[in-house]
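All remarks here apply to the structure that follows.
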Protein chains: 2
Amino acid sequence: MTDTAERDHDDVAGDDPLDRDGPPTGTGLDRLLRAALELFSDKGFEATRTRDISARAGLSPAALYVHFASKEEVLHHLVRTTNESTLRALRDAVEPYDDPISRLRAFVTEFSLMHARGYQHARVAQYESRHLLPEHAEIIARTRLQIREAARAEVQRGIDAGVFTIAEPRVAVLAIMSLSIDICRWYRPDGAVPAADLADINSGLILQILRAPGHR
Amino acid sequence: MTDTAERDHDDVAGDDPLDRDGPPTGTGLDRLLRAALELFSDKGFEATRTRDISARAGLSPAALYVHFASKEEVLHHLVRTTNESTLRALRDAVEPYDDPISRLRAFVTEFSLMHARGYQHARVAQYESRHLLPEHAEIIARTRLQIREAARAEVQRGIDAGVFTIAEPRVAVLAIMSLSIDICRWYRPDGAVPAADLADINSGLILQILRAPGHR
DNA sequence: CAGGTCAGTGAGCGCTCGCTTACTATGGTT
DNA sequence: AACCATAGTAAGCGAGCGCTCACTGACCTG
């Protein structure tokens with residue numbers, strides 16, 4: 001019924017050990033997605049040419065359309081898989097802990113790390129999603145809401161337990177989101193601040209904001 | 001000597017009382033800059049067509065090139081004037097005060113307000129500057145550094161006076177920048193949080209982070 | 001009024017972009 | 001062998017883009 005062929009590949013290119021250069025590795029689809037990720041995060045969606053994506057993947061201009069119906073679909077795939085894997089990583093990060101402080105620290109650490117080490121994914125997900133078609137943007141908005149809700153739940157858990165004595169919980173949620181997400185705006189892997197330090201700084205700041213015991 | 005004509009207009013379109021719609025007002029240049037600001041902040045630089053800028057200004061497609069040598073020059077003008085007026089506003093905001101707490105509160109309040117009420121300017125300056133030519137990008141980078149340095153100076157002033165007892169001043173600078181700048185990523189004038197509230201929240205959080213007396 | 005400047009227009013050039021089409025090579029299945 | 005699916009290519013279409021050019025009318029100045 002739809003005129004754009006729906007293809008299915010929900011797997012690849014979610015994780016890459018800091019690779020690159022040398023002869024290209026992986027399947028054509030892998031390489032296309034990696035190329036698109038780099039170009040979208042570096043130059044932006046609109047400034048990226050489909051020919052450049054294919055060329056960087058070592059393929060002909062038409063190769064992209066073997067795997068995707070449009071350039072926008074490439075973007076949607078990247079944004080969706082990024083958001084989904086973020087949500088999954090956050091749930092996995094807090095799962096082992098029971099006390100609110102450990103859970104919150106794990107949450108903020110993981111969230112910050114994803115916006116530092118995964119700054120290319122994060123930039124595309126945060127800054128390029130406005131170029132999605134409305135129906136795709138809606139899907140993205142839902143996952144994003146789940147991420148925010150997960151943060152809210154961790155804050156609330158600590159308040160309910162009486163260990164976070166902040167007056168306005170939503171201020172803490174705001175700070176968690178802003179301090180973490182903003183990392184991908186300026187972070188560079190060769191920059192002055194290591195990703196792990198950033199994660200520690202942010203989780204410390206958030207616990208201080210929450211007025212957790214031992215963090216004032 | 002240069003082949004792109006350098007034109008001179010460092011004046012207009014820095015301030016607008018929430019206007020819009022009805023017959024267009026101001027000079028052609030004014031209207032072109034307002035149109036470009038709206039379109040760049042809404043769709044991004046690359047997705048904006050020069051014809052759309054001119055049309056929104058109520059002019060013919062060629063009119064833009066009466067005032068600017070290129071689309072990139074329009075962007076440069078917007079980013080530069082935004083950054084310069086931000087720096088000026090920050091200096092004016094702290095100037096009346098002498099004690100570090102009042103100065104810092106004024107600084108963060110002003111900086112946050114500029115990224116909320118002036119979210120269109122801020123978005124263009126923050127997110128579109130990567131599309132500037134290298135020589136223009138360098139000019140922008142310098143002003144941006146001055147803004148960061150101004151924040152650092154306010155933090156240091158409080159530390160020197162012994163009222164900010166934070167261990168790591170650079171963490172506070174990071175927080176000031178991130179909490180303020182990130183506002184323009186999500187803020188909408190018709191949203192749930194008023195700009196003035198945001199400014200209060202941020203200045204309170206920063207004073208808490210700095211461990212200023214009465215803010216713990 | 002002659003001459004010049006400024007803001008703006010209508011028409012359109014040359015190129016590039018997203019995407020399509022017709023096709024090939026390869027490898028698996030029966 | 002016959003058939004098909006998958007992954008890829010070479011060539012190029014049609015639209016739309018940034019920008020240019022020759023020109024116009026309004027206004028200023030001596």
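Each chain in the structure tokens gets a letter, A, B, ..., in the order shown, and its residues are numbered from 1; ligands are numbered from 1 in order too.
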
If we count only C-alpha atoms (C1' of nucleotides), what is near D:DC13 at a cut-off of 10 Å, once residues fewer than 3 positions away on the same chain are taken out, given as a PDB file with N, CA and C atoms (P, O5', C5', C4', C3', O3' and C1' of nucleotides), in the first residue's frame?
ATOM      1  P    DC C  19      15.534  10.748  -2.123  1.00  0.00           P
ATOM      2  O5'  DC C  19      15.338   9.997  -3.502  1.00  0.00           O
ATOM      3  C5'  DC C  19      14.527  10.610  -4.510  1.00  0.00           C
ATOM      4  C4'  DC C  19      14.702   9.885  -5.813  1.00  0.00           C
ATOM      5  C3'  DC C  19      14.561   8.367  -5.757  1.00  0.00           C
ATOM      6  O3'  DC C  19      13.299   8.025  -6.322  1.00  0.00           O
ATOM      7  C1'  DC C  19      16.302   9.075  -7.252  1.00  0.00           C
ATOM      8  P    DT C  20      12.866   6.518  -6.586  1.00  0.00           P
ATOM      9  O5'  DT C  20      13.267   6.312  -8.110  1.00  0.00           O
ATOM     10  C5'  DT C  20      12.867   7.279  -9.069  1.00  0.00           C
ATOM     11  C4'  DT C  20      13.181   6.769 -10.472  1.00  0.00           C
ATOM     12  C3'  DT C  20      12.842   5.293 -10.694  1.00  0.00           C
ATOM     13  O3'  DT C  20      12.163   5.185 -11.944  1.00  0.00           O
ATOM     14  C1'  DT C  20      15.112   5.693 -11.241  1.00  0.00           C
ATOM     15  P    DT C  21      11.372   3.824 -12.316  1.00  0.00           P
ATOM     16  O5'  DT C  21      12.171   3.293 -13.583  1.00  0.00           O
ATOM     17  C5'  DT C  21      12.853   4.224 -14.421  1.00  0.00           C
ATOM     18  C4'  DT C  21      13.893   3.500 -15.248  1.00  0.00           C
ATOM     19  C3'  DT C  21      13.636   2.000 -15.433  1.00  0.00           C
ATOM     20  O3'  DT C  21      13.684   1.684 -16.801  1.00  0.00           O
ATOM     21  C1'  DT C  21      15.850   2.375 -14.701  1.00  0.00           C
TER      22       DT C  21
END

**Request:** Name the residues of stretch 96-150 of chain A that fall into alpha helix (DSSP H) according to DSSP on the backbone, using the chain letters and numbers of this document, as a ChimeraX atom specification.
**Result:** /A:100-116,119-127,134-150

What does the file look like for those residues with N, CA and C atoms, as a short mmCIF file (atom, residue, chain, number, x, y, z; two decimals), in the first residue's frame?
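Generated output (result_15.cif):
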data_model
loop_
_atom_site.label_atom_id
_atom_site.label_comp_id
_atom_site.auth_asym_id
_atom_site.auth_seq_id
_atom_site.Cartn_x
_atom_site.Cartn_y
_atom_site.Cartn_z
N PRO A 100 18.33 4.01 45.48
CA PRO A 100 18.11 5.11 44.53
C PRO A 100 19.39 5.84 44.15
N ILE A 101 20.31 5.99 45.07
CA ILE A 101 21.54 6.73 44.75
C ILE A 101 22.37 5.97 43.72
N SER A 102 22.57 4.69 43.93
CA SER A 102 23.34 3.90 42.96
C SER A 102 22.65 3.88 41.61
N ARG A 103 21.35 3.72 41.62
CA ARG A 103 20.61 3.68 40.35
C ARG A 103 20.74 5.01 39.62
N LEU A 104 20.56 6.11 40.37
CA LEU A 104 20.65 7.40 39.71
C LEU A 104 22.05 7.66 39.18
N ARG A 105 23.03 7.28 39.99
CA ARG A 105 24.40 7.48 39.50
C ARG A 105 24.64 6.67 38.23
N ALA A 106 24.17 5.45 38.21
CA ALA A 106 24.34 4.60 37.03
C ALA A 106 23.61 5.20 35.82
N PHE A 107 22.43 5.73 36.08
CA PHE A 107 21.63 6.33 35.01
C PHE A 107 22.37 7.51 34.38
N VAL A 108 22.77 8.45 35.20
CA VAL A 108 23.41 9.66 34.68
C VAL A 108 24.76 9.34 34.04
N THR A 109 25.48 8.40 34.66
CA THR A 109 26.76 7.99 34.07
C THR A 109 26.56 7.42 32.68
N GLU A 110 25.63 6.50 32.57
CA GLU A 110 25.38 5.87 31.27
C GLU A 110 24.90 6.89 30.24
N PHE A 111 23.99 7.74 30.65
CA PHE A 111 23.43 8.73 29.73
C PHE A 111 24.51 9.70 29.25
N SER A 112 25.36 10.11 30.17
CA SER A 112 26.46 11.02 29.80
C SER A 112 27.45 10.33 28.88
N LEU A 113 27.79 9.10 29.20
CA LEU A 113 28.74 8.37 28.36
C LEU A 113 28.22 8.19 26.94
N MET A 114 26.93 7.94 26.82
CA MET A 114 26.38 7.75 25.48
C MET A 114 26.46 9.03 24.66
N HIS A 115 26.38 10.19 25.33
CA HIS A 115 26.46 11.44 24.58
C HIS A 115 27.91 11.90 24.38
N ALA A 116 28.84 11.24 25.05
CA ALA A 116 30.26 11.55 24.84
C ALA A 116 30.85 10.54 23.86
N TYR A 119 29.00 10.35 20.60
CA TYR A 119 28.57 11.72 20.25
C TYR A 119 28.08 11.82 18.81
N GLN A 120 28.56 10.97 17.92
CA GLN A 120 28.06 11.04 16.55
C GLN A 120 26.60 10.57 16.47
N HIS A 121 26.33 9.42 17.09
CA HIS A 121 24.94 8.97 17.16
C HIS A 121 24.07 10.04 17.83
N ALA A 122 24.56 10.58 18.94
CA ALA A 122 23.76 11.53 19.70
C ALA A 122 23.46 12.79 18.91
N ARG A 123 24.47 13.29 18.21
CA ARG A 123 24.24 14.50 17.43
C ARG A 123 23.20 14.29 16.35
N VAL A 124 23.28 13.17 15.68
CA VAL A 124 22.29 12.88 14.64
C VAL A 124 20.90 12.78 15.27
N ALA A 125 20.82 12.05 16.38
CA ALA A 125 19.52 11.85 17.02
C ALA A 125 18.94 13.16 17.56
N GLN A 126 19.81 14.01 18.10
CA GLN A 126 19.32 15.24 18.72
C GLN A 126 19.07 16.35 17.71
N TYR A 127 20.00 16.52 16.78
CA TYR A 127 19.98 17.72 15.96
C TYR A 127 19.43 17.51 14.55
N PRO A 134 6.91 13.55 9.17
CA PRO A 134 6.07 13.60 10.38
C PRO A 134 5.82 12.23 11.00
N GLU A 135 5.52 11.23 10.18
CA GLU A 135 5.22 9.91 10.75
C GLU A 135 6.44 9.29 11.42
N HIS A 136 7.61 9.56 10.89
CA HIS A 136 8.82 9.05 11.54
C HIS A 136 9.16 9.86 12.78
N ALA A 137 8.95 11.17 12.69
CA ALA A 137 9.23 12.03 13.85
C ALA A 137 8.39 11.61 15.04
N GLU A 138 7.17 11.16 14.76
CA GLU A 138 6.29 10.76 15.86
C GLU A 138 6.82 9.53 16.59
N ILE A 139 7.33 8.59 15.81
CA ILE A 139 7.92 7.39 16.41
C ILE A 139 9.09 7.78 17.31
N ILE A 140 9.92 8.67 16.80
CA ILE A 140 11.09 9.13 17.56
C ILE A 140 10.65 9.83 18.85
N ALA A 141 9.63 10.67 18.72
CA ALA A 141 9.16 11.42 19.89
C ALA A 141 8.71 10.48 21.01
N ARG A 142 8.11 9.37 20.63
CA ARG A 142 7.64 8.42 21.65
C ARG A 142 8.80 7.83 22.44
N THR A 143 9.82 7.38 21.73
CA THR A 143 10.97 6.80 22.43
C THR A 143 11.65 7.85 23.31
N ARG A 144 11.74 9.07 22.78
CA ARG A 144 12.36 10.14 23.55
C ARG A 144 11.60 10.39 24.85
N LEU A 145 10.31 10.31 24.76
CA LEU A 145 9.47 10.50 25.95
C LEU A 145 9.73 9.40 26.96
N GLN A 146 9.94 8.18 26.47
CA GLN A 146 10.23 7.07 27.37
C GLN A 146 11.55 7.28 28.10
N ILE A 147 12.52 7.86 27.38
CA ILE A 147 13.82 8.13 28.01
C ILE A 147 13.65 9.16 29.13
N ARG A 148 12.92 10.21 28.82
CA ARG A 148 12.68 11.24 29.83
C ARG A 148 11.92 10.67 31.03
N GLU A 149 10.95 9.84 30.73
CA GLU A 149 10.15 9.22 31.78
C GLU A 149 11.02 8.32 32.67
N ALA A 150 11.98 7.65 32.05
CA ALA A 150 12.89 6.80 32.83
C ALA A 150 13.70 7.65 33.81
#

**Request:** Within 10 Å of chain C, which residues of chain A are there when counting only C-alpha atoms (C1' of nucleotides)? Please give them as a list in words.
**Result:** Arg49, Thr50, Arg51, Ala62, Tyr65, Ala69, Ser70 and Lys71 of chain A

Residues of the last selection are to be written out with C-alpha atoms, as a CSV table (one decimal), in the first residue's frame.
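So selection-v3.csv came out as:
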chain,number,residue,atom,x,y,z
A,49,ARG,CA,24.8,14.1,-0.5
A,50,THR,CA,23.6,10.6,-1.1
A,51,ARG,CA,26.6,10.2,-3.5
A,62,ALA,CA,22.9,3.8,-6.6
A,65,TYR,CA,18.8,2.7,-2.9
A,69,ALA,CA,14.0,3.8,-0.1
A,70,SER,CA,15.2,7.3,0.5
A,71,LYS,CA,17.8,9.4,2.2

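Using only C-alpha atoms, we find that the part of chain B lying within 9 Å of chain A comprises Asp42, Lys43, Gly44, Phe45, Glu46, Ala47, Gln126, Tyr127, Arg130, His131, Val171, Leu174, Ala175, Ser178, Leu179, Ser180, Ile181, Asp182, Ile183, Arg185, Ile201, Asn202, Leu205, Gln208, Ile209, Arg211 and Arg216 of chain B.
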
Export C-alpha atoms of the chosen residues as an mmCIF file, in the first residue's frame?
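Output file selection00.cif is given in full below:
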data_model
loop_
_atom_site.group_PDB
_atom_site.id
_atom_site.type_symbol
_atom_site.label_atom_id
_atom_site.label_comp_id
_atom_site.auth_asym_id
_atom_site.auth_seq_id
_atom_site.Cartn_x
_atom_site.Cartn_y
_atom_site.Cartn_z
ATOM 1 C CA ASP B 42 13.316 26.392 11.991
ATOM 2 C CA LYS B 43 14.584 24.322 9.070
ATOM 3 C CA GLY B 44 18.326 24.827 9.263
ATOM 4 C CA PHE B 45 20.719 26.669 6.973
ATOM 5 C CA GLU B 46 21.081 24.000 4.307
ATOM 6 C CA ALA B 47 17.385 23.256 4.069
ATOM 7 C CA GLN B 126 24.798 27.326 18.172
ATOM 8 C CA TYR B 127 23.717 24.809 15.586
ATOM 9 C CA ARG B 130 29.259 24.752 11.222
ATOM 10 C CA HIS B 131 28.118 25.887 7.784
ATOM 11 C CA VAL B 171 32.933 22.161 36.495
ATOM 12 C CA LEU B 174 30.746 23.747 32.200
ATOM 13 C CA ALA B 175 27.424 23.677 34.023
ATOM 14 C CA SER B 178 25.426 23.610 29.295
ATOM 15 C CA LEU B 179 22.390 24.447 31.393
ATOM 16 C CA SER B 180 21.939 27.768 29.605
ATOM 17 C CA ILE B 181 22.795 26.886 26.027
ATOM 18 C CA ASP B 182 20.787 23.673 26.063
ATOM 19 C CA ILE B 183 17.628 25.689 26.634
ATOM 20 C CA ARG B 185 17.387 23.070 21.937
ATOM 21 C CA ILE B 201 16.056 27.748 38.142
ATOM 22 C CA ASN B 202 19.423 27.888 36.413
ATOM 23 C CA LEU B 205 21.281 25.552 40.477
ATOM 24 C CA GLN B 208 24.154 25.561 44.604
ATOM 25 C CA ILE B 209 26.849 23.929 42.491
ATOM 26 C CA ARG B 211 28.408 26.105 47.098
ATOM 27 C CA ARG B 216 23.004 24.586 49.811
#

Within 10 Å of chain A, which residues of chain D are there when counting only C-alpha atoms (C1' of nucleotides)? Please give them as a PDB file with N, CA and C atoms (P, O5', C5', C4', C3', O3' and C1' of nucleotides), in the first residue's frame.
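Generated file (out_10.pdb):
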ATOM      1  P    DT D   6      15.431 -11.464  -1.469  1.00  0.00           P
ATOM      2  O5'  DT D   6      16.975 -11.105  -1.633  1.00  0.00           O
ATOM      3  C5'  DT D   6      17.950 -12.065  -1.230  1.00  0.00           C
ATOM      4  C4'  DT D   6      19.331 -11.524  -1.501  1.00  0.00           C
ATOM      5  C3'  DT D   6      19.492 -10.035  -1.174  1.00  0.00           C
ATOM      6  O3'  DT D   6      20.662  -9.876  -0.394  1.00  0.00           O
ATOM      7  C1'  DT D   6      20.236 -10.480  -3.374  1.00  0.00           C
ATOM      8  P    DA D   7      21.048  -8.415   0.196  1.00  0.00           P
ATOM      9  O5'  DA D   7      22.127  -7.921  -0.856  1.00  0.00           O
ATOM     10  C5'  DA D   7      23.353  -8.634  -0.975  1.00  0.00           C
ATOM     11  C4'  DA D   7      24.210  -7.950  -2.007  1.00  0.00           C
ATOM     12  C3'  DA D   7      24.339  -6.439  -1.806  1.00  0.00           C
ATOM     13  O3'  DA D   7      25.708  -6.084  -1.932  1.00  0.00           O
ATOM     14  C1'  DA D   7      23.612  -6.896  -4.013  1.00  0.00           C
ATOM     15  P    DG D   8      26.180  -4.580  -1.615  1.00  0.00           P
ATOM     16  O5'  DG D   8      26.335  -3.943  -3.054  1.00  0.00           O
ATOM     17  C5'  DG D   8      27.399  -4.421  -3.866  1.00  0.00           C
ATOM     18  C4'  DG D   8      27.070  -4.250  -5.317  1.00  0.00           C
ATOM     19  C3'  DG D   8      27.034  -2.823  -5.839  1.00  0.00           C
ATOM     20  O3'  DG D   8      28.334  -2.343  -6.095  1.00  0.00           O
ATOM     21  C1'  DG D   8      25.472  -4.285  -6.941  1.00  0.00           C
ATOM     22  P    DT D   9      28.554  -0.861  -6.555  1.00  0.00           P
ATOM     23  O5'  DT D   9      28.259  -0.927  -8.127  1.00  0.00           O
ATOM     24  C5'  DT D   9      28.964  -1.874  -8.938  1.00  0.00           C
ATOM     25  C4'  DT D   9      28.566  -1.665 -10.376  1.00  0.00           C
ATOM     26  C3'  DT D   9      28.734  -0.228 -10.852  1.00  0.00           C
ATOM     27  O3'  DT D   9      29.513  -0.203 -12.030  1.00  0.00           O
ATOM     28  C1'  DT D   9      26.519  -0.989 -11.295  1.00  0.00           C
ATOM     29  P    DA D  10      30.191   1.172 -12.448  1.00  0.00           P
ATOM     30  O5'  DA D  10      29.341   1.562 -13.740  1.00  0.00           O
ATOM     31  C5'  DA D  10      28.990   0.552 -14.691  1.00  0.00           C
ATOM     32  C4'  DA D  10      28.198   1.189 -15.802  1.00  0.00           C
ATOM     33  C3'  DA D  10      28.575   2.617 -16.154  1.00  0.00           C
ATOM     34  O3'  DA D  10      28.388   2.782 -17.556  1.00  0.00           O
ATOM     35  C1'  DA D  10      26.342   2.590 -15.334  1.00  0.00           C
TER      36       DA D  10
END
